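File shown here: entry35.tsv, holding TSV, C-alpha atoms.
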```tsv
chain	number	residue	atom	x	y	z
G	13	MET	CA	18.53	-9.94	-9.65
G	14	TYR	CA	15.89	-7.26	-9.19
G	15	HIS	CA	15.81	-3.71	-7.90
G	16	ILE	CA	12.50	-3.59	-6.03
G	17	VAL	CA	10.93	-0.24	-5.18
G	18	VAL	CA	7.95	-0.42	-2.82
G	19	CYS	CA	5.70	2.66	-2.79
G	20	GLY	CA	3.95	2.99	0.55
G	21	GLY	CA	2.29	5.91	2.27
G	22	ILE	CA	1.14	6.27	5.86
G	23	VAL	CA	-2.51	6.40	6.93
G	24	PRO	CA	-4.31	7.08	10.21
G	25	ASP	CA	-4.79	4.07	12.45
G	26	PRO	CA	-8.17	2.61	11.35
G	27	LEU	CA	-9.25	2.26	14.99
G	28	GLN	CA	-9.43	6.05	15.26
G	29	THR	CA	-12.52	8.14	14.54
G	30	LEU	CA	-11.97	9.90	11.21
G	31	GLU	CA	-13.91	13.08	10.51
G	32	PRO	CA	-13.40	15.02	7.25
G	33	VAL	CA	-13.13	18.80	7.57
G	34	LYS	CA	-12.42	21.57	5.08
G	35	GLY	CA	-9.62	23.98	5.91
G	36	PRO	CA	-7.75	26.78	4.11
G	37	ALA	CA	-5.70	24.24	2.14
G	38	GLY	CA	-8.70	22.10	1.20
G	39	TRP	CA	-10.13	18.92	2.67
G	40	GLY	CA	-8.42	16.93	5.37
G	41	LEU	CA	-9.13	15.01	8.54
G	42	LYS	CA	-9.98	16.63	11.84
G	43	ASN	CA	-6.88	16.73	14.08
G	44	GLU	CA	-5.00	14.76	11.39
G	45	LEU	CA	-1.57	15.62	12.80
G	46	MET	CA	-2.60	14.23	16.18
G	47	LEU	CA	-3.87	10.90	14.86
G	48	PRO	CA	-1.57	7.89	15.25
G	49	SER	CA	-0.41	6.57	11.88
G	50	ILE	CA	0.54	3.22	10.37
G	51	LEU	CA	1.96	2.11	7.05
G	52	ASP	CA	-0.87	1.63	4.56
G	53	PRO	CA	-1.97	-2.03	5.00
G	54	TRP	CA	-1.98	-2.62	1.26
G	55	ALA	CA	1.56	-1.27	0.98
G	56	SER	CA	2.58	-3.46	3.92
G	57	HIS	CA	1.67	-6.56	1.91
G	58	ALA	CA	3.74	-5.23	-0.99
G	59	LEU	CA	6.72	-4.70	1.34
G	60	TYR	CA	6.48	-8.24	2.76
G	61	GLU	CA	6.31	-9.69	-0.76
G	62	ALA	CA	9.32	-7.62	-1.82
G	63	ALA	CA	11.33	-8.86	1.15
G	64	HIS	CA	10.31	-12.45	0.36
G	65	LEU	CA	11.38	-12.07	-3.28
G	66	ALA	CA	14.69	-10.56	-2.19
G	67	LYS	CA	15.31	-13.65	-0.07
G	68	THR	CA	14.38	-15.96	-2.93
G	69	VAL	CA	16.49	-14.31	-5.64
G	70	ALA	CA	20.09	-13.51	-4.80
G	71	GLY	CA	21.38	-9.99	-5.36
G	72	CYS	CA	18.05	-8.17	-4.96
G	73	LYS	CA	17.75	-4.84	-3.22
G	74	VAL	CA	14.60	-3.28	-1.72
G	75	TRP	CA	13.78	0.42	-1.35
G	76	LEU	CA	10.70	1.79	0.43
G	77	VAL	CA	9.66	5.10	-1.13
G	78	SER	CA	7.20	7.07	0.96
G	79	LEU	CA	5.52	10.44	0.59
G	80	GLY	CA	4.44	11.91	3.92
G	81	PRO	CA	5.32	14.23	6.81
G	82	LYS	CA	8.81	13.48	8.11
G	83	ALA	CA	7.81	13.48	11.78
G	84	LYS	CA	5.00	10.99	11.18
G	85	LEU	CA	7.18	8.78	8.98
G	86	GLN	CA	9.83	8.60	11.68
G	87	GLN	CA	7.27	7.31	14.20
G	88	VAL	CA	5.91	4.69	11.77
G	89	MET	CA	9.37	3.53	10.68
G	90	MET	CA	10.27	2.61	14.25
G	91	THR	CA	7.85	-0.31	13.85
G	92	VAL	CA	7.99	-1.02	10.11
G	93	ALA	CA	11.79	-1.15	10.10
G	94	GLN	CA	11.69	-4.31	12.22
G	95	LYS	CA	9.62	-6.24	9.68
G	96	ALA	CA	11.91	-6.46	6.64
G	97	PRO	CA	15.26	-5.11	5.38
G	98	PHE	CA	14.96	-2.09	3.08
G	99	GLU	CA	16.45	1.30	2.34
G	100	LEU	CA	14.11	4.23	2.99
G	101	VAL	CA	13.59	7.05	0.49
G	102	VAL	CA	11.49	9.94	1.82
G	103	THR	CA	9.66	12.77	0.13
G	104	ASP	CA	8.31	15.28	2.64
G	105	GLY	CA	4.69	16.15	1.91
G	106	PRO	CA	1.08	15.57	2.89
G	107	ALA	CA	-0.06	12.02	3.59
G	108	GLY	CA	-3.79	12.63	3.32
G	109	GLY	CA	-6.09	10.93	0.88
G	110	PHE	CA	-7.38	14.12	-0.75
G	111	MET	CA	-4.38	14.69	-3.04
G	112	ASP	CA	-4.67	14.14	-6.78
G	113	ALA	CA	-3.28	10.77	-7.92
G	114	THR	CA	-1.35	12.43	-10.75
G	115	GLU	CA	0.39	14.78	-8.32
G	116	VAL	CA	1.29	11.92	-5.97
G	117	ALA	CA	2.57	9.77	-8.85
G	118	GLY	CA	4.72	12.65	-10.08
G	119	ALA	CA	6.32	13.10	-6.65
G	120	LEU	CA	6.98	9.36	-6.36
G	121	CYS	CA	8.46	9.28	-9.86
G	122	THR	CA	10.89	12.08	-8.98
G	123	ALA	CA	11.94	10.24	-5.82
G	124	ILE	CA	12.47	6.94	-7.65
G	125	GLU	CA	14.47	8.50	-10.46
G	126	GLY	CA	16.70	10.12	-7.82
G	127	ILE	CA	17.73	6.79	-6.23
G	128	ALA	CA	21.47	6.33	-6.66
G	129	GLY	CA	22.48	3.08	-8.33
G	130	LEU	CA	18.96	2.13	-9.43
G	131	ASP	CA	18.92	0.08	-12.65
G	132	LYS	CA	15.62	0.58	-14.46
G	133	ASN	CA	16.20	-2.56	-16.51
G	134	LYS	CA	15.96	-4.55	-13.25
G	135	LEU	CA	13.20	-2.43	-11.73
G	136	LEU	CA	10.09	-3.89	-10.13
G	137	VAL	CA	7.72	-1.29	-8.70
G	138	PHE	CA	5.54	-2.69	-5.92
G	139	GLY	CA	2.64	-0.99	-4.19
G	140	GLY	CA	-0.87	-1.54	-2.93
G	141	TRP	CA	-3.52	-2.50	-5.47
G	142	GLN	CA	-5.85	-0.37	-3.41
G	143	SER	CA	-5.11	2.05	-0.60
G	144	ALA	CA	-6.54	3.06	2.74
G	145	SER	CA	-6.23	6.69	1.63
G	146	ARG	CA	-5.10	7.29	-1.95
G	147	GLY	CA	-6.66	4.59	-4.13
G	148	ALA	CA	-3.27	3.29	-5.26
G	149	GLY	CA	-4.86	1.49	-8.20
G	150	ALA	CA	-4.76	4.82	-10.03
G	151	THR	CA	-1.51	6.09	-8.53
G	152	LEU	CA	0.54	3.03	-9.49
G	153	GLN	CA	-0.74	3.01	-13.04
G	154	ILE	CA	0.16	6.67	-13.55
G	155	LEU	CA	3.54	6.12	-11.89
G	156	GLY	CA	4.27	3.21	-14.23
G	157	GLU	CA	3.48	5.35	-17.25
G	158	LYS	CA	5.72	8.16	-16.00
G	159	LEU	CA	8.56	5.66	-15.53
G	160	GLY	CA	7.97	4.24	-19.02
G	161	ILE	CA	6.89	0.81	-17.71
G	162	ARG	CA	4.22	-0.82	-19.85
G	163	ASP	CA	3.93	-4.20	-18.10
G	164	GLN	CA	1.53	-3.54	-15.23
G	165	PHE	CA	-0.43	-5.97	-13.08
G	166	GLN	CA	-3.09	-5.12	-10.50
G	167	GLY	CA	-4.62	-7.26	-7.77
G	168	VAL	CA	-1.56	-9.50	-7.56
G	169	ASP	CA	-1.62	-12.32	-5.00
G	170	LYS	CA	1.41	-14.34	-6.08
G	171	LEU	CA	4.66	-13.75	-7.95
G	172	THR	CA	6.88	-16.64	-9.01
G	173	PRO	CA	10.26	-15.85	-10.62
G	174	GLY	CA	11.45	-18.27	-13.32
G	175	ALA	CA	14.97	-19.57	-13.88
G	176	ASP	CA	15.13	-17.63	-17.16
G	177	GLY	CA	14.25	-14.32	-15.47
G	178	SER	CA	10.56	-14.47	-16.38
G	179	LEU	CA	7.81	-13.73	-13.88
G	180	GLU	CA	4.62	-15.73	-13.39
G	181	ILE	CA	2.00	-13.42	-11.91
G	182	MET	CA	-1.36	-14.39	-10.43
G	183	GLU	CA	-3.96	-11.59	-10.44
G	184	ARG	CA	-7.42	-11.53	-8.92
G	185	ILE	CA	-10.39	-11.34	-11.28
G	186	GLU	CA	-14.14	-11.70	-10.87
G	187	GLY	CA	-15.80	-14.50	-8.97
G	188	GLY	CA	-12.81	-15.54	-6.87
G	189	ALA	CA	-10.91	-16.67	-10.00
G	190	TYR	CA	-7.35	-15.76	-10.96
G	191	LEU	CA	-5.64	-14.66	-14.15
G	192	VAL	CA	-2.17	-16.20	-14.48
G	193	SER	CA	0.19	-14.24	-16.74
G	194	THR	CA	3.83	-14.66	-17.70
G	195	CYS	CA	6.00	-11.57	-18.03
G	196	ALA	CA	9.39	-11.74	-19.75
G	197	GLY	CA	10.94	-9.98	-16.76
G	198	ALA	CA	11.68	-6.57	-15.36
G	199	PRO	CA	10.75	-3.77	-15.57
G	200	ALA	CA	7.18	-4.19	-14.32
G	201	VAL	CA	4.66	-2.60	-11.97
G	202	LEU	CA	2.74	-4.82	-9.54
G	203	GLY	CA	-0.16	-3.62	-7.43
G	204	TRP	CA	-0.48	-6.15	-4.62
G	205	ALA	CA	-3.65	-7.43	-3.02
G	206	THR	CA	-3.25	-9.31	0.27
G	207	GLY	CA	-0.75	-11.82	-1.12
G	208	GLU	CA	-0.10	-15.15	0.56
G	209	LEU	CA	2.40	-14.22	3.25
G	210	PRO	CA	1.80	-13.62	6.97
G	211	GLU	CA	3.06	-10.50	8.68
G	212	PRO	CA	6.73	-11.04	9.55
G	213	PRO	CA	7.67	-11.05	13.24
G	214	ASN	CA	9.59	-8.10	14.65
G	215	ASN	CA	13.35	-8.43	14.30
G	216	PRO	CA	15.24	-5.83	16.39
G	217	GLN	CA	18.50	-6.47	14.51
G	218	VAL	CA	16.84	-5.74	11.16
G	219	GLY	CA	15.21	-2.67	12.70
G	220	MET	CA	18.51	-1.27	13.93
G	221	ALA	CA	20.15	-1.82	10.54
G	222	ASN	CA	17.26	-0.13	8.74
G	223	MET	CA	17.09	2.85	11.09
G	224	ARG	CA	20.79	3.60	10.61
G	225	LEU	CA	19.89	4.45	7.01
G	226	ALA	CA	16.36	5.70	7.67
G	227	MET	CA	17.34	8.56	9.99
G	228	PRO	CA	19.66	10.24	7.46
G	229	ALA	CA	17.00	9.71	4.76
G	230	LEU	CA	14.42	11.48	6.92
G	231	GLN	CA	16.80	14.36	7.67
G	232	LYS	CA	17.60	15.03	4.00
G	233	ALA	CA	14.06	14.46	2.68
G	234	LYS	CA	13.15	16.93	-0.05
G	235	PRO	CA	9.74	18.64	0.07
G	236	ALA	CA	7.22	17.60	-2.56
G	237	SER	CA	5.64	20.39	-4.57
G	238	LEU	CA	2.07	19.14	-4.71
G	239	ASP	CA	-0.70	21.32	-6.08
G	240	ALA	CA	-3.45	21.30	-3.48
G	241	THR	CA	-5.85	22.84	-6.01
G	242	ALA	CA	-5.28	20.15	-8.65
G	243	ILE	CA	-8.51	18.48	-7.61
G	244	ALA	CA	-11.56	19.96	-5.90
G	245	TYR	CA	-14.14	18.13	-3.78
G	246	GLN	CA	-17.63	19.61	-3.65
G	247	SER	CA	-18.48	17.70	-0.47
G	248	VAL	CA	-17.05	14.93	1.70
G	249	VAL	CA	-19.13	12.79	4.08
G	250	LEU	CA	-18.53	9.63	6.06
G	251	PRO	CA	-20.32	6.50	4.80
G	252	ALA	CA	-23.70	6.11	6.45
G	253	GLN	CA	-23.89	3.26	8.93
G	254	LYS	CA	-26.92	1.03	8.56
G	255	ARG	CA	-27.72	-1.91	10.76
G	256	ASP	CA	-30.92	-3.93	10.62
G	257	THR	CA	-31.23	-6.01	13.77
G	258	ARG	CA	-34.01	-8.52	14.35
G	259	VAL	CA	-34.33	-10.23	17.72
G	260	VAL	CA	-36.11	-13.59	17.51
G	261	LYS	CA	-36.41	-16.02	20.38
G	262	ASP	CA	-36.78	-19.81	20.36
G	263	THR	CA	-36.17	-20.21	16.61
G	264	PRO	CA	-35.16	-23.74	15.57
G	265	VAL	CA	-31.59	-24.12	14.31
G	266	GLU	CA	-32.86	-25.55	11.01
G	267	ASP	CA	-34.92	-22.41	10.35
G	268	ILE	CA	-31.91	-20.18	11.07
G	269	ALA	CA	-29.75	-22.22	8.70
G	270	ARG	CA	-32.36	-22.06	5.93
G	271	GLU	CA	-32.68	-18.29	6.35
G	272	ILE	CA	-28.90	-17.79	6.16
G	273	ILE	CA	-28.68	-19.96	3.02
G	274	ALA	CA	-31.54	-18.02	1.40
G	275	TRP	CA	-29.84	-14.73	2.27
G	276	MET	CA	-26.51	-15.89	0.79
G	277	ALA	CA	-28.24	-17.05	-2.38
G	278	SER	CA	-30.13	-13.79	-2.86
```

Rewrite the structure from the file as structure tokens, please.
Amino acid sequence: MYHIVVCGGIVPDPLQTLEPVKGPAGWGLKNELMLPSILDPWASHALYEAAHLAKTVAGCKVWLVSLGPKAKLQQVMMTVAQKAPFELVVTDGPAGGFMDATEVAGALCTAIEGIAGLDKNKLLVFGGWQSASRGAGATLQILGEKLGIRDQFQGVDKLTPGADGSLEIMERIEGGAYLVSTCAGAPAVLGWATGELPEPPNNPQVGMANMRLAMPALQKAKPASLDATAIAYQSVVLPAQKRDTRVVKDTPVEDIAREIIAWMAS
């Protein structure tokens, strides 16, 4: 059996207009508290994979550890709780993407080590390979080191448990190829890519069971002592949008196809 801890933060809904601004506490997003939030899409994949593994291997337990504002987390959990069974662990703090990865990893490490009944010999730490806000590739690696876990895998798309407790892990590498590794077993850190599973349908019964534990977890969430000055940004700008549009009439289909092939080959 495995004790699976999924690290997942909340991010603004990507359909919103995001504008960076500098305030007294450093950089943030304009009207960030007013923006609707979702669970980080990369962390969502990790949560779905954790729930799938818990179904596959008997005796597993899943925790979702999240660092973010309690009020925002409560709103997001109303939806996320219906997707998969888990126990929520909350650390109250900023959810923005301008925090130092070391500070975030330290707060997550403290929250994980405070989980009652957690067996580190059975521990699998899941999270997003990348992140819509925090670049979890760095955060997970630092977290693994703080927890003393040396077996770490990034860009994971598939995890297959063996009968002997081993783990076969498929990681993305260059050129659309995969690296297949075999790990003796837990503990391990896995940064998930998109995986191979669809988004689970909403299950109101699962949501009600999760929220019975999530509400007390939100109420007793401890504040995270993050150093806002740990990292300084000289400037922050949105990526420049560039679009080259060419309008051509009455072009033969064969010419269009040849141009697309030449563009793809370039």

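Close contacts of Val218 in chain G, defined as residues with an atom at most 12 Å away when counting only C-alpha atoms, with chain neighbours fewer than 2 positions off set aside, comprise Ala63, Met89, Met90, Thr91, Val92, Ala93, Gln94, Lys95, Ala96, Pro97, Phe98, Glu99, Pro212, Pro213, Asn214, Asn215, Pro216, Met220, Ala221, Asn222, Met223, Arg224, Leu225 and Ala226 of chain G.
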
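What separates CA of Gly207 in chain G from CA of Ala55 in chain G is a distance of 11.0 Å.
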
Shell of 9 Å around Asp52 in chain G, only C-alpha atoms, local chain residues under 2 positions omitted, as an mmCIF file with C-alpha atoms, keeping the file's coordinate frame:
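The resulting file, around-v3.cif, is shown below:
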```cif
data_model
loop_
_atom_site.group_PDB
_atom_site.id
_atom_site.type_symbol
_atom_site.label_atom_id
_atom_site.label_comp_id
_atom_site.auth_asym_id
_atom_site.auth_seq_id
_atom_site.Cartn_x
_atom_site.Cartn_y
_atom_site.Cartn_z
ATOM 1 C CA GLY G 20 3.950 2.990 0.550
ATOM 2 C CA GLY G 21 2.290 5.910 2.270
ATOM 3 C CA ILE G 22 1.140 6.270 5.860
ATOM 4 C CA VAL G 23 -2.510 6.400 6.930
ATOM 5 C CA PRO G 24 -4.310 7.080 10.210
ATOM 6 C CA SER G 49 -0.410 6.570 11.880
ATOM 7 C CA ILE G 50 0.540 3.220 10.370
ATOM 8 C CA TRP G 54 -1.980 -2.620 1.260
ATOM 9 C CA ALA G 55 1.560 -1.270 0.980
ATOM 10 C CA SER G 56 2.580 -3.460 3.920
ATOM 11 C CA HIS G 57 1.670 -6.560 1.910
ATOM 12 C CA GLY G 140 -0.870 -1.540 -2.930
ATOM 13 C CA SER G 143 -5.110 2.050 -0.600
ATOM 14 C CA ALA G 144 -6.540 3.060 2.740
ATOM 15 C CA SER G 145 -6.230 6.690 1.630
#
```

Option closest in space to Leu171 in chain G, from G:Trp204, G:Trp75, G:Trp141, G:Trp275 [counting all atoms listed in the file]: G:Trp204

Just the residues within 8 Å of Glu180 in chain G, please, counting all atoms listed in the file, with nothing from its chain fewer than 4 positions along; format it as an MDAnalysis selection string. chainID G and resid 171:174 192:195

C-alpha atoms of the current selection, written as a PDB file, in the frame of the given file:
```pdb
ATOM      1  CA  LEU G 171       4.660 -13.750  -7.950  1.00  0.00           C
ATOM      2  CA  THR G 172       6.880 -16.640  -9.010  1.00  0.00           C
ATOM      3  CA  PRO G 173      10.260 -15.850 -10.620  1.00  0.00           C
ATOM      4  CA  GLY G 174      11.450 -18.270 -13.320  1.00  0.00           C
ATOM      5  CA  VAL G 192      -2.170 -16.200 -14.480  1.00  0.00           C
ATOM      6  CA  SER G 193       0.190 -14.240 -16.740  1.00  0.00           C
ATOM      7  CA  THR G 194       3.830 -14.660 -17.700  1.00  0.00           C
ATOM      8  CA  CYS G 195       6.000 -11.570 -18.030  1.00  0.00           C
TER       9      CYS G 195
END
```

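CA of Val102 in chain G is positioned 16.3 Å from CA of Leu155 in chain G.
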
Can you pull out the residues contacting range 31-36 of chain G? Cut-off 7 Å, using only C-alpha atoms, and skip same-chain residues under 3 positions away; I want them as a list of chain:residue names. G:Trp39, G:Gly40, G:Leu41, G:Lys42, G:Val248, G:Val249

Axis-aligned box for all listed atoms of range 24-38 of chain G, 8 Å per side, centre and edges in Å to one decimal, as lines of an AutoDock Vina configuration file:
```
center_x = -9.1
center_y = 14.5
center_z = 8.2
size_x = 25.6
size_y = 40.5
size_z = 30.1
```

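If you count only C-alpha atoms and ignore residues fewer than 2 places along the chain from Leu191 in chain G, what sits within 10 Å of it is Gly167, Val168, Ile181, Met182, Glu183, Arg184, Ile185, Glu186, Ala189 and Ser193 of chain G.
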
Distance query 12 Å from (19.7, -2.8, -17.5) using all atoms listed in the file, result as number ranges by chain: G: 13-15, 129-135, 197-199

Could those residues be written to a file, using C-alpha atoms, as a tab-separated table (two decimals), in the frame of the given file?
```tsv
chain	number	residue	atom	x	y	z
G	13	MET	CA	18.53	-9.94	-9.65
G	14	TYR	CA	15.89	-7.26	-9.19
G	15	HIS	CA	15.81	-3.71	-7.90
G	129	GLY	CA	22.48	3.08	-8.33
G	130	LEU	CA	18.96	2.13	-9.43
G	131	ASP	CA	18.92	0.08	-12.65
G	132	LYS	CA	15.62	0.58	-14.46
G	133	ASN	CA	16.20	-2.56	-16.51
G	134	LYS	CA	15.96	-4.55	-13.25
G	135	LEU	CA	13.20	-2.43	-11.73
G	197	GLY	CA	10.94	-9.98	-16.76
G	198	ALA	CA	11.68	-6.57	-15.36
G	199	PRO	CA	10.75	-3.77	-15.57
```
